[in-house]
>>> print(open('start-v8.cif').read())   # mmCIF, C-alpha atoms
data_structure
loop_
_atom_site.group_PDB
_atom_site.id
_atom_site.type_symbol
_atom_site.label_atom_id
_atom_site.label_comp_id
_atom_site.auth_asym_id
_atom_site.auth_seq_id
_atom_site.Cartn_x
_atom_site.Cartn_y
_atom_site.Cartn_z
ATOM 1 C CA MET A 1 0.000 0.000 0.000
ATOM 2 C CA PRO A 2 1.303 3.525 -0.757
ATOM 3 C CA ILE A 3 0.917 4.586 2.863
ATOM 4 C CA LEU A 4 3.765 2.205 3.815
ATOM 5 C CA ILE A 5 6.268 3.970 1.577
ATOM 6 C CA MET A 6 8.577 6.084 3.669
ATOM 7 C CA SER A 7 8.827 9.736 2.676
ATOM 8 C CA ASN A 8 12.102 11.642 2.774
ATOM 9 C CA ASP A 9 10.780 13.649 5.713
ATOM 10 C CA ALA A 10 9.928 10.508 7.679
ATOM 11 C CA LYS A 11 13.345 9.013 6.954
ATOM 12 C CA LEU A 12 15.111 12.137 8.212
ATOM 13 C CA LEU A 13 13.051 12.098 11.400
ATOM 14 C CA ALA A 14 13.666 8.393 11.973
ATOM 15 C CA ASP A 15 17.396 8.808 11.375
ATOM 16 C CA LEU A 16 17.582 11.619 13.922
ATOM 17 C CA VAL A 17 15.842 9.498 16.554
ATOM 18 C CA LYS A 18 18.080 6.511 15.880
ATOM 19 C CA ASP A 19 21.183 8.726 15.950
ATOM 20 C CA VAL A 20 20.370 9.876 19.491
ATOM 21 C CA HIS A 21 20.028 6.250 20.615
ATOM 22 C CA ARG A 22 23.284 5.383 18.879
ATOM 23 C CA GLN A 23 25.174 8.302 20.429
ATOM 24 C CA LEU A 24 24.008 7.332 23.909
ATOM 25 C CA ARG A 25 25.246 3.781 23.392
ATOM 26 C CA GLN A 26 28.585 5.056 22.093
ATOM 27 C CA GLU A 27 29.077 7.289 25.118
ATOM 28 C CA PHE A 28 28.197 4.440 27.454
ATOM 29 C CA ILE A 29 30.676 2.132 25.709
ATOM 30 C CA LYS A 30 33.403 4.776 25.966
ATOM 31 C CA THR A 31 32.914 5.586 29.624
ATOM 32 C CA GLY A 32 31.118 2.612 31.152
ATOM 33 C CA ASP A 33 29.463 5.198 33.412
ATOM 34 C CA THR A 34 25.707 5.058 32.969
ATOM 35 C CA GLU A 35 25.106 7.820 35.509
ATOM 36 C CA SER A 36 27.278 10.446 33.839
ATOM 37 C CA VAL A 37 26.089 9.572 30.333
ATOM 38 C CA TRP A 38 22.447 9.939 31.371
ATOM 39 C CA THR A 39 23.059 13.122 33.378
ATOM 40 C CA ASN A 40 24.843 14.775 30.461
ATOM 41 C CA HIS A 41 22.073 13.721 28.105
ATOM 42 C CA CYS A 42 19.389 15.190 30.373
ATOM 43 C CA ARG A 43 21.291 18.481 30.479
ATOM 44 C CA ASN A 44 21.505 18.712 26.692
ATOM 45 C CA VAL A 45 18.288 20.696 26.285
ATOM 46 C CA ALA A 46 18.794 21.356 22.562
ATOM 47 C CA CYS A 47 19.156 17.643 21.850
ATOM 48 C CA LEU A 48 16.139 16.753 24.000
ATOM 49 C CA LYS A 49 13.918 19.301 22.279
ATOM 50 C CA LYS A 50 14.998 18.203 18.808
ATOM 51 C CA TYR A 51 14.403 14.568 19.704
ATOM 52 C CA ALA A 52 10.960 15.339 21.173
ATOM 53 C CA SER A 53 9.963 17.372 18.144
ATOM 54 C CA SER A 54 11.093 14.630 15.771
ATOM 55 C CA MET A 55 9.274 11.877 17.658
ATOM 56 C CA HIS A 56 6.118 13.984 17.871
ATOM 57 C CA LYS A 57 6.106 14.683 14.143
ATOM 58 C CA LEU A 58 7.003 11.098 13.291
ATOM 59 C CA ALA A 59 4.161 9.712 15.411
ATOM 60 C CA THR A 60 1.408 12.169 14.539
ATOM 61 C CA GLU A 61 2.156 12.806 10.860
ATOM 62 C CA HIS A 62 3.429 9.401 9.753
ATOM 63 C CA TRP A 63 2.588 6.574 12.178
ATOM 64 C CA GLU A 64 -0.922 7.948 12.710
ATOM 65 C CA GLN A 65 -1.601 7.625 8.966
ATOM 66 C CA LEU A 66 -0.715 3.951 9.180
ATOM 67 C CA ARG A 67 -2.928 3.565 12.253
ATOM 68 C CA VAL A 68 -5.903 4.928 10.293
ATOM 69 C CA SER A 69 -5.245 2.952 7.115
ATOM 70 C CA ASN A 70 -4.275 -0.304 8.868
ATOM 71 C CA PRO A 71 -5.479 -0.350 12.505
ATOM 72 C CA ALA A 72 -4.023 -3.810 13.136
ATOM 73 C CA THR A 73 -0.502 -2.369 12.961
ATOM 74 C CA SER A 74 -1.078 0.205 15.724
ATOM 75 C CA ARG A 75 0.543 -0.169 19.134
ATOM 76 C CA ILE A 76 -2.028 2.298 20.523
ATOM 77 C CA ASN A 77 -4.954 0.191 19.281
ATOM 78 C CA TRP A 78 -3.310 -2.992 20.586
ATOM 79 C CA THR A 79 -2.859 -1.540 24.065
ATOM 80 C CA TRP A 80 -6.377 -0.177 24.317
ATOM 81 C CA SER A 81 -7.897 -3.423 23.038
ATOM 82 C CA PHE A 82 -6.004 -5.458 25.626
ATOM 83 C CA LEU A 83 -6.903 -3.132 28.511
ATOM 84 C CA GLN A 84 -10.588 -3.318 27.565
ATOM 85 C CA TYR A 85 -10.420 -7.094 27.593
ATOM 86 C CA TYR A 86 -8.462 -7.349 30.845
ATOM 87 C CA PHE A 87 -10.305 -4.794 32.981
ATOM 88 C CA PHE A 88 -13.794 -4.818 31.463
ATOM 89 C CA GLY A 89 -14.073 -8.037 29.439
ATOM 90 C CA GLY A 90 -13.288 -10.754 31.951
ATOM 91 C CA GLY A 91 -9.577 -11.073 31.289
ATOM 92 C CA LEU A 92 -8.608 -10.429 34.907
ATOM 93 C CA GLU A 93 -10.920 -13.181 36.157
ATOM 94 C CA ILE A 94 -9.520 -15.613 33.586
ATOM 95 C CA GLN A 95 -5.992 -14.902 34.809
ATOM 96 C CA ARG A 96 -7.042 -15.534 38.401
ATOM 97 C CA LYS A 97 -8.393 -18.952 37.428
ATOM 98 C CA LYS A 98 -5.212 -19.748 35.499
ATOM 99 C CA SER A 99 -3.045 -18.988 38.518
ATOM 100 C CA ASN A 100 -3.937 -22.360 40.101
ATOM 101 C CA SER A 101 -3.482 -21.016 43.593
ATOM 102 C CA ASN A 102 -5.611 -20.383 46.641
ATOM 103 C CA THR A 103 -4.739 -16.703 46.666
ATOM 104 C CA GLU A 104 -7.480 -14.446 47.993
ATOM 105 C CA TRP A 105 -7.210 -11.663 45.448
ATOM 106 C CA PRO A 106 -8.338 -8.228 46.662
ATOM 107 C CA LYS A 107 -11.011 -6.444 44.694
ATOM 108 C CA LEU A 108 -9.380 -4.295 42.032
ATOM 109 C CA ILE A 109 -11.072 -0.915 42.332
ATOM 110 C CA LEU A 110 -11.376 1.418 39.355
ATOM 111 C CA LYS A 111 -12.026 5.023 40.338
ATOM 112 C CA GLU A 112 -15.146 6.188 38.513
ATOM 113 C CA SER A 113 -14.798 3.095 36.275
ATOM 114 C CA LYS A 114 -11.564 4.474 34.856
ATOM 115 C CA ILE A 115 -8.239 2.730 34.420
ATOM 116 C CA SER A 116 -5.445 4.722 36.029
ATOM 117 C CA MET A 117 -2.603 4.791 33.489
ATOM 118 C CA LEU A 118 0.966 6.061 33.670
ATOM 119 C CA ASP A 119 2.301 6.528 30.130
ATOM 120 C CA VAL A 120 6.090 6.802 30.392
ATOM 121 C CA GLY A 121 7.979 8.477 27.558
ATOM 122 C CA SER A 122 4.653 9.582 26.186
ATOM 123 C CA CYS A 123 5.804 12.518 24.044
ATOM 124 C CA TYR A 124 2.317 13.528 22.835
ATOM 125 C CA ASN A 125 -0.215 11.711 25.095
ATOM 126 C CA PRO A 126 -1.800 9.350 22.513
ATOM 127 C CA PHE A 127 -3.984 7.621 25.144
ATOM 128 C CA GLY A 128 -5.623 10.886 26.191
ATOM 129 C CA GLU A 129 -8.395 10.309 23.654
ATOM 130 C CA TYR A 130 -9.952 7.433 25.635
ATOM 131 C CA GLU A 131 -12.549 8.474 28.217
ATOM 132 C CA GLU A 132 -12.148 5.212 30.136
ATOM 133 C CA LEU A 133 -8.514 6.028 30.898
ATOM 134 C CA ASP A 134 -7.287 8.398 33.603
ATOM 135 C CA VAL A 135 -3.892 9.093 32.066
ATOM 136 C CA LEU A 136 -0.801 10.687 33.549
ATOM 137 C CA SER A 137 1.569 11.116 30.619
ATOM 138 C CA ILE A 138 5.208 11.848 31.396
ATOM 139 C CA ASP A 139 8.294 12.438 29.299
ATOM 140 C CA LEU A 140 11.859 13.628 29.725
ATOM 141 C CA CYS A 141 11.063 16.470 27.318
ATOM 142 C CA PRO A 142 7.313 16.766 26.563
ATOM 143 C CA ALA A 143 6.259 17.748 23.061
ATOM 144 C CA VAL A 144 2.756 18.925 24.077
ATOM 145 C CA GLU A 145 1.242 20.650 27.129
ATOM 146 C CA SER A 146 -0.803 17.628 28.222
ATOM 147 C CA VAL A 147 2.412 15.703 28.980
ATOM 148 C CA TYR A 148 4.257 16.307 32.270
ATOM 149 C CA GLN A 149 8.030 16.617 32.549
ATOM 150 C CA CYS A 150 9.623 13.756 34.454
ATOM 151 C CA ASP A 151 12.781 11.668 34.448
ATOM 152 C CA PHE A 152 11.315 8.265 35.269
ATOM 153 C CA LEU A 153 14.703 6.908 36.316
ATOM 154 C CA LYS A 154 15.112 9.581 39.011
ATOM 155 C CA VAL A 155 11.677 10.721 40.185
ATOM 156 C CA PRO A 156 11.007 9.819 43.862
ATOM 157 C CA VAL A 157 8.418 7.145 44.619
ATOM 158 C CA GLY A 158 6.347 7.601 47.789
ATOM 159 C CA GLU A 159 2.846 7.724 49.212
ATOM 160 C CA LYS A 160 1.400 10.355 46.881
ATOM 161 C CA THR A 161 1.729 11.551 43.325
ATOM 162 C CA VAL A 162 2.776 15.200 43.483
ATOM 163 C CA LEU A 163 2.571 17.562 40.512
ATOM 164 C CA ASP A 164 3.933 21.092 40.373
ATOM 165 C CA GLY A 165 2.815 22.932 37.282
ATOM 166 C CA GLN A 166 3.902 20.671 34.414
ATOM 167 C CA ASN A 167 6.501 18.849 36.517
ATOM 168 C CA VAL A 168 6.160 15.561 38.404
ATOM 169 C CA LEU A 169 7.817 15.750 41.825
ATOM 170 C CA ASN A 170 6.735 12.345 43.166
ATOM 171 C CA LEU A 171 4.879 9.223 42.022
ATOM 172 C CA ALA A 172 2.696 7.132 44.338
ATOM 173 C CA ASN A 173 3.530 3.481 44.818
ATOM 174 C CA ASN A 174 0.841 0.824 44.312
ATOM 175 C CA SER A 175 -1.412 3.331 42.591
ATOM 176 C CA PHE A 176 -1.584 2.701 38.819
ATOM 177 C CA HIS A 177 -3.709 0.059 37.112
ATOM 178 C CA CYS A 178 -1.569 0.218 33.997
ATOM 179 C CA ILE A 179 1.896 1.495 33.092
ATOM 180 C CA VAL A 180 2.929 1.809 29.449
ATOM 181 C CA PHE A 181 6.476 1.640 28.090
ATOM 182 C CA SER A 182 5.891 2.243 24.387
ATOM 183 C CA PHE A 183 9.172 2.525 22.471
ATOM 184 C CA LEU A 184 10.854 3.481 25.748
ATOM 185 C CA LEU A 185 13.311 0.794 26.848
ATOM 186 C CA GLU A 186 15.442 0.810 23.690
ATOM 187 C CA TYR A 187 16.092 4.529 24.307
ATOM 188 C CA PHE A 188 18.360 3.659 27.250
ATOM 189 C CA PRO A 189 21.966 2.681 26.514
ATOM 190 C CA SER A 190 22.286 0.072 29.278
ATOM 191 C CA SER A 191 20.346 -2.984 30.401
ATOM 192 C CA SER A 192 20.589 -1.771 34.008
ATOM 193 C CA GLN A 193 18.542 1.340 33.161
ATOM 194 C CA ARG A 194 15.892 -0.756 31.439
ATOM 195 C CA TRP A 195 15.775 -3.001 34.493
ATOM 196 C CA THR A 196 15.419 0.000 36.820
ATOM 197 C CA CYS A 197 12.425 1.172 34.778
ATOM 198 C CA CYS A 198 10.763 -2.223 35.184
ATOM 199 C CA GLU A 199 11.492 -2.398 38.925
ATOM 200 C CA ARG A 200 9.936 1.030 39.334
ATOM 201 C CA ALA A 201 6.904 -0.057 37.346
ATOM 202 C CA HIS A 202 6.482 -2.980 39.750
ATOM 203 C CA LEU A 203 6.524 -0.574 42.704
ATOM 204 C CA LEU A 204 3.995 1.780 41.128
ATOM 205 C CA LEU A 205 1.458 -0.802 39.938
ATOM 206 C CA VAL A 206 -1.430 -2.002 42.044
ATOM 207 C CA GLU A 207 -1.619 -5.743 42.589
ATOM 208 C CA GLU A 208 -2.885 -7.350 39.355
ATOM 209 C CA GLY A 209 -2.021 -4.149 37.495
ATOM 210 C CA ILE A 210 -0.599 -4.349 33.975
ATOM 211 C CA LEU A 211 2.769 -3.278 32.559
ATOM 212 C CA VAL A 212 2.584 -2.884 28.783
ATOM 213 C CA ILE A 213 5.936 -3.011 26.992
ATOM 214 C CA ILE A 214 6.125 -2.276 23.281
ATOM 215 C CA THR A 215 9.438 -2.365 21.484
ATOM 216 C CA PRO A 216 10.081 -1.715 17.783
ATOM 217 C CA ASP A 217 11.043 -4.488 15.402
ATOM 218 C CA SER A 218 10.113 -4.731 11.743
ATOM 219 C CA LYS A 219 11.536 -8.225 11.373
ATOM 220 C CA ALA A 220 9.819 -11.598 11.691
ATOM 221 C CA ALA A 221 8.702 -12.623 15.182
ATOM 222 C CA HIS A 222 11.290 -15.398 15.532
ATOM 223 C CA SER A 223 14.219 -13.092 14.713
ATOM 224 C CA ASN A 224 14.445 -11.741 18.252
ATOM 225 C CA SER A 225 12.739 -14.526 20.165
ATOM 226 C CA LYS A 226 15.780 -14.889 22.473
ATOM 227 C CA VAL A 227 15.449 -11.257 23.504
ATOM 228 C CA MET A 228 11.733 -11.528 24.235
ATOM 229 C CA LYS A 229 12.275 -14.766 26.202
ATOM 230 C CA SER A 230 15.029 -13.138 28.268
ATOM 231 C CA TRP A 231 12.813 -10.168 29.140
ATOM 232 C CA ARG A 232 9.996 -12.519 30.122
ATOM 233 C CA GLU A 233 12.261 -14.544 32.405
ATOM 234 C CA GLY A 234 13.750 -11.465 34.063
ATOM 235 C CA LEU A 235 10.452 -9.772 34.805
ATOM 236 C CA SER A 236 8.877 -12.996 36.046
ATOM 237 C CA ALA A 237 11.493 -13.048 38.812
ATOM 238 C CA ILE A 238 10.034 -9.876 40.345
ATOM 239 C CA GLY A 239 6.398 -10.883 40.012
ATOM 240 C CA LEU A 240 5.598 -9.454 36.583
ATOM 241 C CA LYS A 241 4.139 -12.376 34.653
ATOM 242 C CA ARG A 242 3.730 -12.061 30.905
ATOM 243 C CA ILE A 243 0.139 -12.877 29.994
ATOM 244 C CA LYS A 244 -0.059 -11.503 26.455
ATOM 245 C CA TYR A 245 2.333 -11.325 23.529
ATOM 246 C CA ASP A 246 1.745 -10.344 19.923
ATOM 247 C CA LYS A 247 4.132 -9.521 17.119
ATOM 248 C CA LEU A 248 2.684 -6.696 15.073
ATOM 249 C CA GLN A 249 4.114 -5.722 11.729
ATOM 250 C CA HIS A 250 6.556 -3.267 13.300
ATOM 251 C CA ALA A 251 6.659 -4.067 17.013
ATOM 252 C CA HIS A 252 6.613 -6.633 19.801
ATOM 253 C CA CYS A 253 3.644 -5.990 22.132
ATOM 254 C CA MET A 254 3.643 -7.516 25.627
ATOM 255 C CA ALA A 255 1.454 -7.282 28.707
ATOM 256 C CA PHE A 256 2.786 -8.270 32.150
ATOM 257 C CA ARG A 257 0.512 -8.797 35.182
ATOM 258 C CA LYS A 258 1.756 -7.900 38.652
ATOM 259 C CA VAL A 259 1.217 -11.084 40.657
ATOM 260 C CA SER A 260 3.366 -10.404 43.726
ATOM 261 C CA MET A 261 3.716 -7.325 45.913
ATOM 262 C CA ASP A 262 7.099 -7.711 47.607
ATOM 263 C CA THR A 263 10.303 -8.893 46.009
ATOM 264 C CA VAL A 264 13.591 -8.747 47.907
ATOM 265 C CA LEU A 265 16.673 -9.030 45.700
ATOM 266 C CA THR A 266 20.344 -9.191 46.574
ATOM 267 C CA PHE A 267 22.885 -7.134 44.661
ATOM 268 C CA GLU A 268 23.902 -10.284 42.778
ATOM 269 C CA ASP A 269 20.263 -11.012 41.907
ATOM 270 C CA ARG A 270 19.796 -7.545 40.491
ATOM 271 C CA GLU A 271 22.995 -7.768 38.446
ATOM 272 C CA LEU A 272 21.905 -11.059 36.911
ATOM 273 C CA LEU A 273 18.339 -9.986 36.247
ATOM 274 C CA SER A 274 19.281 -6.596 34.824
ATOM 275 C CA SER A 275 21.521 -8.344 32.274
ATOM 276 C CA LYS A 276 18.395 -10.052 30.920
ATOM 277 C CA MET A 277 17.015 -6.702 29.725
ATOM 278 C CA TYR A 278 19.439 -6.563 26.810
ATOM 279 C CA ILE A 279 18.929 -5.604 23.200
ATOM 280 C CA PRO A 280 21.264 -6.866 20.477
ATOM 281 C CA GLN A 281 22.852 -3.425 20.005
ATOM 282 C CA ASP A 282 24.309 -3.815 23.505
ATOM 283 C CA PHE A 283 26.669 -6.407 22.058
ATOM 284 C CA HIS A 284 27.727 -4.427 19.009
ATOM 285 C CA ASN A 285 30.395 -1.810 19.643
ATOM 286 C CA PRO A 286 30.258 0.838 16.887
ATOM 287 C CA VAL A 287 33.307 2.621 18.320
ATOM 288 C CA ASP A 288 35.803 -0.182 18.724
ATOM 289 C CA SER A 289 34.946 -3.577 17.310
ATOM 290 C CA ASN A 290 37.802 -5.123 19.296
ATOM 291 C CA ASN A 291 36.273 -4.082 22.590
ATOM 292 C CA GLU A 292 34.456 -7.163 23.851
ATOM 293 C CA SER A 293 31.194 -6.998 25.732
ATOM 294 C CA LYS A 294 31.375 -7.832 29.402
ATOM 295 C CA ALA A 295 27.889 -9.337 29.359
ATOM 296 C CA ASP A 296 27.379 -13.030 30.008
ATOM 297 C CA VAL A 297 25.011 -13.478 27.054
ATOM 298 C CA LYS A 298 26.795 -14.250 23.777
ATOM 299 C CA PHE A 299 25.462 -13.852 20.246
ATOM 300 C CA THR A 300 26.627 -15.149 16.916
ATOM 301 C CA GLU A 301 27.361 -12.602 14.213
ATOM 302 C CA GLY A 302 24.105 -13.541 12.522
ATOM 303 C CA GLU A 303 22.079 -13.003 15.684
ATOM 304 C CA VAL A 304 23.572 -9.560 16.222
ATOM 305 C CA ALA A 305 22.698 -8.670 12.638
ATOM 306 C CA GLU A 306 19.082 -9.513 13.434
ATOM 307 C CA GLY A 307 18.967 -6.843 16.154
ATOM 308 C CA PHE A 308 16.512 -4.026 16.742
ATOM 309 C CA THR A 309 17.948 -1.889 13.982
ATOM 310 C CA HIS A 310 14.707 -0.438 12.685
ATOM 311 C CA LEU A 311 12.074 1.861 14.018
ATOM 312 C CA PRO A 312 8.513 0.923 12.934
ATOM 313 C CA MET A 313 7.764 1.374 9.226
ATOM 314 C CA PHE A 314 11.362 2.022 8.402
ATOM 315 C CA ASP A 315 13.137 -0.946 6.882
ATOM 316 C CA GLU A 316 16.281 0.179 5.122
#
>>> encode(input="start-v8.cif", output="structure tokens")
Amino acid sequence: MPILIMSNDAKLLADLVKDVHRQLRQEFIKTGDTESVWTNHCRNVACLKKYASSMHKLATEHWEQLRVSNPATSRINWTWSFLQYYFFGGGLEIQRKKSNSNTEWPKLILKESKISMLDVGSCYNPFGEYEELDVLSIDLCPAVESVYQCDFLKVPVGEKTVLDGQNVLNLANNSFHCIVFSFLLEYFPSSSQRWTCCERAHLLLVEEGILVIITPDSKAAHSNSKVMKSWREGLSAIGLKRIKYDKLQHAHCMAFRKVSMDTVLTFEDRELLSSKMYIPQDFHNPVDSNNESKADVKFTEGEVAEGFTHLPMFDE
């Protein structure tokens, strides 16, 4: 279909987004210091604004056209369809029966029949259109006024969610029915940062709440099956059980159910589990091909070549 043909404008936008990801990985490989790399990136206001503008334009002017012409390819439609099924269509009850345990599940309460959602890395608040969702959209550098500024890696977690103007000062633990990471985790240059995001999601979700993770991949589903399996195993260890997986044309879409409240991990546990949140680019050094990865997981050259090298719609 003509709508799938990438315009020059879309290619430029996609290249800019991918370049930012690539530069972050290069800096991390050079320094090995995740903290300083991320701090410097957050201080680079010009870069953040350019990235936000590019993602906003890419999503609203290009991906949205595909969503209209071919709804089955849309990560937004997939997420909303699953949430309807889980919270309003009996999906939660089915999962309780599947658990094969004697757990006395508490009643999951929806305020005013709305699903409380935290959309992390939202950019332009795409879920704001649904009346059944009570959405708090946050981003490192918001592209629209309805999104609040927040560094999800650093924001304090406590008893209440505190907003100050367009800034998030604190997020409440055990308070969200759904948290969405849509095209978020691959932004971060290290597996430890991706793991931290998932640990924080576990803290913020109510029991039986849902973490939706969507990550771009225009290749066949089996191409990155090792990656998806590793993520599933890692998150299961902290009580986030994967209950839904679909491979769309341009993305992997996953839903994880919070099945345990308290998880105590040793430093060694966290190191091992965080290594499971890898992406193939983590093992490819664009700066110095002789610099070997320190990770335990090894890939063949062919497997690395099958990595997440494409944003949705944009096969080279």
>>> resolve_selection(input="start-v8.cif", expression="the PyMOL selection byres ((chain A and resi 139) around 7)", output="JSON, numbers by chain")
{"A": [120, 121, 122, 123, 137, 138, 140, 141, 142, 147, 148, 149, 150, 151]}
>>> write_last_selection(input="start-v8.cif", atoms="C-alpha atoms", output="PDB file, keeping the file's coordinate frame")
ATOM      1  CA  VAL A 120       6.090   6.802  30.392  1.00  0.00           C
ATOM      2  CA  GLY A 121       7.979   8.477  27.558  1.00  0.00           C
ATOM      3  CA  SER A 122       4.653   9.582  26.186  1.00  0.00           C
ATOM      4  CA  CYS A 123       5.804  12.518  24.044  1.00  0.00           C
ATOM      5  CA  SER A 137       1.569  11.116  30.619  1.00  0.00           C
ATOM      6  CA  ILE A 138       5.208  11.848  31.396  1.00  0.00           C
ATOM      7  CA  LEU A 140      11.859  13.628  29.725  1.00  0.00           C
ATOM      8  CA  CYS A 141      11.063  16.470  27.318  1.00  0.00           C
ATOM      9  CA  PRO A 142       7.313  16.766  26.563  1.00  0.00           C
ATOM     10  CA  VAL A 147       2.412  15.703  28.980  1.00  0.00           C
ATOM     11  CA  TYR A 148       4.257  16.307  32.270  1.00  0.00           C
ATOM     12  CA  GLN A 149       8.030  16.617  32.549  1.00  0.00           C
ATOM     13  CA  CYS A 150       9.623  13.756  34.454  1.00  0.00           C
ATOM     14  CA  ASP A 151      12.781  11.668  34.448  1.00  0.00           C
TER      15      ASP A 151
END
>>> residues_around(input="start-v8.cif", residues="segment 209-215 of chain A", least_positions_apart="4", cutoff="8 Å", atoms="all atoms listed in the file", output="JSON, numbers by chain")
{"A": [75, 79, 176, 177, 178, 179, 180, 181, 182, 183, 184, 185, 186, 201, 205, 240, 251, 252, 253, 254, 255, 256, 257, 258]}
>>> resolve_selection(input="start-v8.cif", expression="the PyMOL selection byres ((chain A and resi 128-131) around 12)", output="PyMOL selection string")
chain A and resi 76-77+79-81+83-84+112-119+122-127+132-137+144-147
>>> closest_residue(input="start-v8.cif", among="A:Tyr278, A:Trp63, A:Phe267, A:Phe283", to="Ile29 of chain A", atoms="only C-alpha atoms")
A:Phe283
>>> atom_distance(input="start-v8.cif", atom1="atom CA of Pro71 of chain A", atom2="atom CA of Cys197 of chain A")
28.6 Å
>>> atom_distance(input="start-v8.cif", atom1="atom CA of Leu272 of chain A", atom2="atom CA of Pro189 of chain A")
17.2 Å
>>> atom_distance(input="start-v8.cif", atom1="atom CA of Gln281 of chain A", atom2="atom CA of Ala221 of chain A")
17.6 Å
>>> closest_atom_pairs(input="start-v8.cif", of="segment 92-154 of chain A", to="segment 242-249 of chain A", cutoff="12 Å", atoms="all atoms listed in the file", output="Markdown table")
| residue | atom | partner | partner_atom | distance |
| --- | --- | --- | --- | --- |
| A:Leu92 | CA | A:Ile243 | CA | 10.3 |
| A:Ile94 | CA | A:Ile243 | CA | 10.7 |
| A:Gln95 | CA | A:Ile243 | CA | 8.1 |
| A:Arg96 | CA | A:Ile243 | CA | 11.4 |
| A:Lys98 | CA | A:Ile243 | CA | 10.3 |
| A:Ser99 | CA | A:Ile243 | CA | 11.0 |
>>> closest_residue(input="start-v8.cif", among="A:Ile238, A:His250, A:Ser175, A:Ser190", to="Gly32 of chain A", atoms="only C-alpha atoms")
A:Ser190
>>> residues_around(input="start-v8.cif", residues="Glu207 of chain A", least_positions_apart="6", cutoff="9 Å", atoms="only C-alpha atoms", output="ChimeraX atom specification")
/A:105-106,108,174,177,257-261
>>> axis_aligned_box(input="start-v8.cif", around="segment 113-128 of chain A", padding_each_side="8 Å", output="AutoDock Vina command-line options")
--center_x -3.4 --center_y 8.1 --center_z 29.4 --size_x 38.8 --size_y 26.8 --size_z 29.8
>>> closest_residue(input="start-v8.cif", among="A:Val162, A:Ile109, A:Ala10, A:Met228", to="Pro280 of chain A", atoms="all atoms listed in the file")
A:Met228
>>> closest_residue(input="start-v8.cif", among="A:Asn70, A:Thr39, A:Ser54, A:Thr34", to="Asp15 of chain A", atoms="only C-alpha atoms")
A:Ser54
>>> residues_near_point(input="start-v8.cif", point="(14.7, -1.0, 41.9)", cutoff="12 Å", atoms="all atoms listed in the file", output="PyMOL selection string")
chain A and resi 152-154+156-157+192-204+238+262-267+269-271+273-274
>>> resolve_selection(input="start-v8.cif", expression="the PyMOL selection byres ((chain A and resi 16-23) around 10)", output="PyMOL selection string")
chain A and resi 10-15+24-29+41+47-48+50-55+58+186-189+281+286+309-311
>>> write_last_selection(input="start-v8.cif", atoms="C-alpha atoms", output="tab-separated table (two decimals), in the frame of the given file")
chain	number	residue	atom	x	y	z
A	10	ALA	CA	9.93	10.51	7.68
A	11	LYS	CA	13.34	9.01	6.95
A	12	LEU	CA	15.11	12.14	8.21
A	13	LEU	CA	13.05	12.10	11.40
A	14	ALA	CA	13.67	8.39	11.97
A	15	ASP	CA	17.40	8.81	11.38
A	24	LEU	CA	24.01	7.33	23.91
A	25	ARG	CA	25.25	3.78	23.39
A	26	GLN	CA	28.58	5.06	22.09
A	27	GLU	CA	29.08	7.29	25.12
A	28	PHE	CA	28.20	4.44	27.45
A	29	ILE	CA	30.68	2.13	25.71
A	41	HIS	CA	22.07	13.72	28.10
A	47	CYS	CA	19.16	17.64	21.85
A	48	LEU	CA	16.14	16.75	24.00
A	50	LYS	CA	15.00	18.20	18.81
A	51	TYR	CA	14.40	14.57	19.70
A	52	ALA	CA	10.96	15.34	21.17
A	53	SER	CA	9.96	17.37	18.14
A	54	SER	CA	11.09	14.63	15.77
A	55	MET	CA	9.27	11.88	17.66
A	58	LEU	CA	7.00	11.10	13.29
A	186	GLU	CA	15.44	0.81	23.69
A	187	TYR	CA	16.09	4.53	24.31
A	188	PHE	CA	18.36	3.66	27.25
A	189	PRO	CA	21.97	2.68	26.51
A	281	GLN	CA	22.85	-3.42	20.00
A	286	PRO	CA	30.26	0.84	16.89
A	309	THR	CA	17.95	-1.89	13.98
A	310	HIS	CA	14.71	-0.44	12.68
A	311	LEU	CA	12.07	1.86	14.02
>>> closest_residue(input="start-v8.cif", among="A:Val37, A:Phe88, A:Met277, A:Ala143", to="His56 of chain A", atoms="all atoms listed in the file")
A:Ala143
>>> build_atoms(input="start-v8.cif", residues="segment 164-168 of chain A", atoms="N, CA, C and O atoms", output="CSV table (one decimal), in the frame of the given file")
chain,number,residue,atom,x,y,z
A,164,ASP,N,3.7,19.7,40.2
A,164,ASP,CA,3.9,21.1,40.4
A,164,ASP,C,4.0,21.7,39.0
A,164,ASP,O,5.0,21.6,38.3
A,165,GLY,N,2.9,22.4,38.6
A,165,GLY,CA,2.8,22.9,37.3
A,165,GLY,C,2.8,21.8,36.3
A,165,GLY,O,2.0,20.9,36.4
A,166,GLN,N,3.8,21.8,35.4
A,166,GLN,CA,3.9,20.7,34.4
A,166,GLN,C,5.0,19.7,34.8
A,166,GLN,O,5.4,18.9,34.0
A,167,ASN,N,5.4,19.7,36.1
A,167,ASN,CA,6.5,18.8,36.5
A,167,ASN,C,6.0,17.8,37.5
A,167,ASN,O,5.1,18.1,38.3
A,168,VAL,N,6.5,16.6,37.5
A,168,VAL,CA,6.2,15.6,38.4
A,168,VAL,C,7.2,15.5,39.5
A,168,VAL,O,8.4,15.3,39.2
